[in-house]
Amino acid sequence: MVNKQKILIVDDDENIAELISLYLNKECFETMIVGDGEAALTAVDSFEPNLILLDLMLPGIDGYQVCREVRASRQTPIIILSAKGEIFDKVLGLELGADDFIEKPFDSKELVARVKAVLRRYKPAAPVAEPVTDKRVEYPDLIINQTNYSVIYMGNTVEMPPKELELLYFLASSPNHVFTREQLLDQIWGYEYIGDTRTVDVHIKRLREKIKDHEAWKISTIWGIGYKFEVKGNLS
């Protein structure tokens with residue numbers, strides 16, 4: 001029997017939380033509802049969800065702090081649900097490690113589509129009997145493997161959310177190729193994501209904090225256009 005994927009719903013509005021749970025149960029997800037930030041952090045350890053739907057305005061510990069604390073120890077995908085739809089709120093949520101942001105009120109079909117899209121990106125490759133070709137690129141002091149979602153930089157494993165890794169892999173797979181922000185948004189987030197190009201800038205910033213420029217390669221900004229993974233010499 002296939003185990004259901006588990007969704008933790010963190011929202012102090014019981015009606016909204018129950019409605020979300022109903023939508024997801026119909027799609028064969030297992031759900032758990034908690035109404036405050038402290039309970040959310042406890043449930044992350046006990047329930048071990050595959051994804052967290054997180055409201056920002058919570059009693060006690062708010063959603064931003066919950067996101068920050070989850071990201072300190074886990075890579076569990078997080079989708080923020082909030083009536084606060086300002087760009088500042090979206091950017092802050094993404095900078096703290098959220099994988100997506102959905103404004104309230106939301107459409108039930110869009111919510112389910114976003115959940116499935118994020119889980120598809122996060123889901124590690126299943127073991128198979130026959131050898132498979134890794135989706136992997138290597139440069140001096142950097143190995144990016146999208147098959148098992150790992151990044152090794154300067155000999156150390158670097159933890160990063162799925163979309164950060166996918167963005168890095170996509171750029172590094174086409175060295176010295178310039179991509180616009182719109183192209184990157186479409187390739188990494190797909191049609192399910194309704195966002196703006198600032199999302200790409202935020203994720204590039206986070207990548208640069210974790211992956212510093214190397215003498216042989218770097219993530220370059222092409223002003224007014226977008227970004228490229230720049231390599232030197234004959235590495236490309």
# chains A, B, ... in the order shown; residues from 1 in each chain; ligands from 1

$ residues_around --residues "Ala117 in chain A" --least-positions-apart "3" --cutoff "12 Å" --atoms "only C-alpha atoms" --output "number ranges by chain"
A: 51, 77, 79, 99-100, 110-114, 120-123, 162-163, 188-193

$ write_last_selection --atoms "N, CA, C and O atoms" --output "mmCIF file, in the first residue's frame"
data_model
loop_
_atom_site.group_PDB
_atom_site.id
_atom_site.type_symbol
_atom_site.label_atom_id
_atom_site.label_comp_id
_atom_site.auth_asym_id
_atom_site.auth_seq_id
_atom_site.Cartn_x
_atom_site.Cartn_y
_atom_site.Cartn_z
ATOM 1 N N LEU A 51 5.094 18.433 3.343
ATOM 2 C CA LEU A 51 4.977 19.838 2.953
ATOM 3 C C LEU A 51 4.209 20.572 4.046
ATOM 4 O O LEU A 51 3.340 19.998 4.706
ATOM 5 N N PRO A 77 9.455 21.304 2.180
ATOM 6 C CA PRO A 77 8.869 22.398 1.399
ATOM 7 C C PRO A 77 7.834 23.184 2.202
ATOM 8 O O PRO A 77 7.060 22.598 2.968
ATOM 9 N N ILE A 79 4.888 26.309 1.781
ATOM 10 C CA ILE A 79 4.105 27.260 1.001
ATOM 11 C C ILE A 79 3.416 28.196 1.985
ATOM 12 O O ILE A 79 2.684 27.755 2.868
ATOM 13 N N ASP A 99 9.033 28.082 -0.260
ATOM 14 C CA ASP A 99 9.113 27.626 -1.645
ATOM 15 C C ASP A 99 8.066 28.269 -2.541
ATOM 16 O O ASP A 99 8.204 28.245 -3.760
ATOM 17 N N ASP A 100 7.017 28.829 -1.951
ATOM 18 C CA ASP A 100 5.977 29.463 -2.743
ATOM 19 C C ASP A 100 5.159 30.349 -1.816
ATOM 20 O O ASP A 100 5.259 30.250 -0.575
ATOM 21 N N GLU A 110 -6.125 26.026 -7.620
ATOM 22 C CA GLU A 110 -4.770 26.596 -7.665
ATOM 23 C C GLU A 110 -3.953 26.111 -6.472
ATOM 24 O O GLU A 110 -2.776 25.745 -6.614
ATOM 25 N N LEU A 111 -4.562 26.087 -5.299
ATOM 26 C CA LEU A 111 -3.866 25.617 -4.102
ATOM 27 C C LEU A 111 -3.368 24.186 -4.289
ATOM 28 O O LEU A 111 -2.201 23.879 -4.031
ATOM 29 N N VAL A 112 -4.249 23.308 -4.739
ATOM 30 C CA VAL A 112 -3.875 21.908 -4.938
ATOM 31 C C VAL A 112 -2.781 21.795 -5.999
ATOM 32 O O VAL A 112 -1.818 21.021 -5.844
ATOM 33 N N ALA A 113 -2.889 22.590 -7.082
ATOM 34 C CA ALA A 113 -1.882 22.556 -8.150
ATOM 35 C C ALA A 113 -0.523 23.001 -7.625
ATOM 36 O O ALA A 113 0.513 22.407 -7.963
ATOM 37 N N ARG A 114 -0.513 24.036 -6.792
ATOM 38 C CA ARG A 114 0.748 24.534 -6.234
ATOM 39 C C ARG A 114 1.372 23.492 -5.317
ATOM 40 O O ARG A 114 2.583 23.272 -5.328
ATOM 41 N N ARG A 120 6.376 17.780 -6.496
ATOM 42 C CA ARG A 120 7.067 17.178 -7.632
ATOM 43 C C ARG A 120 8.517 17.623 -7.689
ATOM 44 O O ARG A 120 9.417 16.836 -7.966
ATOM 45 N N ARG A 121 8.744 18.895 -7.427
ATOM 46 C CA ARG A 121 10.116 19.408 -7.482
ATOM 47 C C ARG A 121 10.967 18.865 -6.355
ATOM 48 O O ARG A 121 12.160 18.634 -6.515
ATOM 49 N N TYR A 122 10.337 18.669 -5.197
ATOM 50 C CA TYR A 122 11.097 18.244 -4.029
ATOM 51 C C TYR A 122 11.347 16.752 -3.997
ATOM 52 O O TYR A 122 12.342 16.284 -3.459
ATOM 53 N N LYS A 123 10.447 15.968 -4.586
ATOM 54 C CA LYS A 123 10.496 14.516 -4.472
ATOM 55 C C LYS A 123 11.819 13.970 -5.007
ATOM 56 O O LYS A 123 12.154 14.168 -6.158
ATOM 57 N N PRO A 162 14.598 23.078 -2.674
ATOM 58 C CA PRO A 162 14.561 22.534 -4.030
ATOM 59 C C PRO A 162 14.705 23.562 -5.145
ATOM 60 O O PRO A 162 15.442 23.349 -6.102
ATOM 61 N N LYS A 163 14.001 24.692 -5.034
ATOM 62 C CA LYS A 163 14.034 25.648 -6.144
ATOM 63 C C LYS A 163 15.393 26.329 -6.271
ATOM 64 O O LYS A 163 15.814 26.675 -7.368
ATOM 65 N N ILE A 188 11.909 27.341 -13.894
ATOM 66 C CA ILE A 188 12.043 26.790 -12.547
ATOM 67 C C ILE A 188 10.713 26.718 -11.811
ATOM 68 O O ILE A 188 10.402 25.739 -11.142
ATOM 69 N N TRP A 189 9.906 27.763 -11.954
ATOM 70 C CA TRP A 189 8.636 27.789 -11.217
ATOM 71 C C TRP A 189 7.469 27.285 -12.053
ATOM 72 O O TRP A 189 6.491 26.802 -11.510
ATOM 73 N N GLY A 190 7.564 27.416 -13.352
ATOM 74 C CA GLY A 190 6.540 26.871 -14.226
ATOM 75 C C GLY A 190 5.273 27.696 -14.256
ATOM 76 O O GLY A 190 5.121 28.703 -13.567
ATOM 77 N N TYR A 191 4.331 27.221 -15.061
ATOM 78 C CA TYR A 191 3.093 27.977 -15.260
ATOM 79 C C TYR A 191 2.231 28.019 -14.007
ATOM 80 O O TYR A 191 1.372 28.872 -13.848
ATOM 81 N N GLU A 192 2.444 27.065 -13.069
ATOM 82 C CA GLU A 192 1.615 27.063 -11.865
ATOM 83 C C GLU A 192 1.912 28.268 -10.979
ATOM 84 O O GLU A 192 1.105 28.670 -10.163
ATOM 85 N N TYR A 193 3.137 28.822 -11.149
ATOM 86 C CA TYR A 193 3.537 29.902 -10.246
ATOM 87 C C TYR A 193 3.184 31.256 -10.831
ATOM 88 O O TYR A 193 3.613 31.601 -11.930
#

$ select_by_dssp --residues "range 66-209 of chain A" --states "strand (DSSP E or B)" --output "PyMOL selection string"
chain A and resi 78-82+100-103+136-139+142-145+150-153+156-157+179-180

$ write_last_selection --atoms "N, CA, C and O atoms" --output "tab-separated table (two decimals), in the first residue's frame"
chain	number	residue	atom	x	y	z
A	78	ILE	N	7.84	24.49	2.03
A	78	ILE	CA	6.92	25.38	2.74
A	78	ILE	C	6.22	26.29	1.73
A	78	ILE	O	6.87	26.93	0.91
A	79	ILE	N	4.89	26.31	1.78
A	79	ILE	CA	4.11	27.26	1.00
A	79	ILE	C	3.42	28.20	1.98
A	79	ILE	O	2.68	27.76	2.87
A	80	ILE	N	3.69	29.48	1.84
A	80	ILE	CA	3.07	30.47	2.72
A	80	ILE	C	1.69	30.83	2.18
A	80	ILE	O	1.52	31.09	0.99
A	81	LEU	N	0.71	30.84	3.08
A	81	LEU	CA	-0.65	31.31	2.77
A	81	LEU	C	-0.89	32.57	3.59
A	81	LEU	O	-0.77	32.54	4.81
A	82	SER	N	-1.20	33.66	2.92
A	82	SER	CA	-1.37	34.89	3.70
A	82	SER	C	-2.26	35.90	2.99
A	82	SER	O	-2.26	35.99	1.75
A	100	ASP	N	7.02	28.83	-1.95
A	100	ASP	CA	5.98	29.46	-2.74
A	100	ASP	C	5.16	30.35	-1.82
A	100	ASP	O	5.26	30.25	-0.57
A	101	PHE	N	4.34	31.22	-2.39
A	101	PHE	CA	3.53	32.17	-1.63
A	101	PHE	C	2.17	32.28	-2.31
A	101	PHE	O	2.11	32.57	-3.51
A	102	ILE	N	1.11	32.01	-1.58
A	102	ILE	CA	-0.24	32.09	-2.13
A	102	ILE	C	-1.05	33.10	-1.32
A	102	ILE	O	-1.12	33.01	-0.09
A	103	GLU	N	-1.63	34.05	-2.02
A	103	GLU	CA	-2.46	35.06	-1.35
A	103	GLU	C	-3.85	34.53	-1.03
A	103	GLU	O	-4.43	33.78	-1.80
A	136	ARG	N	23.47	15.75	-13.48
A	136	ARG	CA	24.60	16.18	-12.66
A	136	ARG	C	25.55	17.03	-13.49
A	136	ARG	O	25.84	16.72	-14.64
A	137	VAL	N	26.03	18.10	-12.90
A	137	VAL	CA	27.07	18.90	-13.54
A	137	VAL	C	28.20	19.10	-12.53
A	137	VAL	O	27.96	19.20	-11.33
A	138	GLU	N	29.42	19.14	-13.05
A	138	GLU	CA	30.58	19.28	-12.18
A	138	GLU	C	31.49	20.39	-12.70
A	138	GLU	O	31.72	20.52	-13.89
A	139	TYR	N	31.99	21.19	-11.76
A	139	TYR	CA	33.00	22.20	-12.01
A	139	TYR	C	34.03	22.11	-10.89
A	139	TYR	O	33.79	21.43	-9.89
A	142	LEU	N	32.80	22.22	-7.22
A	142	LEU	CA	31.33	22.31	-7.22
A	142	LEU	C	30.73	21.12	-7.98
A	142	LEU	O	31.07	20.88	-9.13
A	143	ILE	N	29.85	20.38	-7.31
A	143	ILE	CA	29.09	19.29	-7.93
A	143	ILE	C	27.61	19.53	-7.63
A	143	ILE	O	27.21	19.63	-6.46
A	144	ILE	N	26.81	19.63	-8.67
A	144	ILE	CA	25.37	19.84	-8.51
A	144	ILE	C	24.66	18.61	-9.08
A	144	ILE	O	24.80	18.31	-10.26
A	145	ASN	N	23.91	17.91	-8.25
A	145	ASN	CA	23.23	16.69	-8.67
A	145	ASN	C	21.73	16.85	-8.43
A	145	ASN	O	21.27	16.86	-7.30
A	150	SER	N	21.44	17.18	-4.37
A	150	SER	CA	22.58	17.48	-3.51
A	150	SER	C	23.52	18.45	-4.20
A	150	SER	O	23.63	18.47	-5.43
A	151	VAL	N	24.17	19.27	-3.39
A	151	VAL	CA	25.20	20.19	-3.87
A	151	VAL	C	26.42	20.03	-2.98
A	151	VAL	O	26.31	20.11	-1.75
A	152	ILE	N	27.56	19.78	-3.60
A	152	ILE	CA	28.81	19.69	-2.86
A	152	ILE	C	29.70	20.83	-3.32
A	152	ILE	O	30.05	20.94	-4.51
A	153	TYR	N	30.05	21.72	-2.38
A	153	TYR	CA	30.83	22.91	-2.68
A	153	TYR	C	32.06	22.93	-1.78
A	153	TYR	O	31.93	22.82	-0.55
A	156	ASN	N	32.18	20.18	0.78
A	156	ASN	CA	31.13	20.10	1.80
A	156	ASN	C	29.74	20.11	1.17
A	156	ASN	O	29.52	20.80	0.17
A	157	THR	N	28.81	19.37	1.76
A	157	THR	CA	27.43	19.38	1.30
A	157	THR	C	26.76	20.67	1.71
A	157	THR	O	26.84	21.09	2.87
A	179	PHE	N	20.30	34.00	-19.44
A	179	PHE	CA	18.86	33.78	-19.34
A	179	PHE	C	18.21	35.02	-18.74
A	179	PHE	O	18.72	35.60	-17.77
A	180	THR	N	17.07	35.41	-19.30
A	180	THR	CA	16.32	36.52	-18.71
A	180	THR	C	15.63	36.04	-17.43
A	180	THR	O	15.46	34.83	-17.22

$ atom_distance --atom1 "CA of Lys26 in chain A" --atom2 "CA of Ala83 in chain A"
24.5 Å

$ residues_around --residues "Glu69 in chain A" --least-positions-apart "3" --cutoff "12 Å" --atoms "only C-alpha atoms" --output "PyMOL selection string"
chain A and resi 37-38+40-42+44-45+61-66+72-76+78+96-98

$ closest_residue --among "A:Arg198, A:His203, A:His177, A:Lys6" --to "Glu230 in chain A" --atoms "only C-alpha atoms"
A:His177

$ closest_residue --among "A:Val231, A:Glu164, A:Ile222, A:Ser108" --to "Lys205 in chain A" --atoms "only C-alpha atoms"
A:Glu164
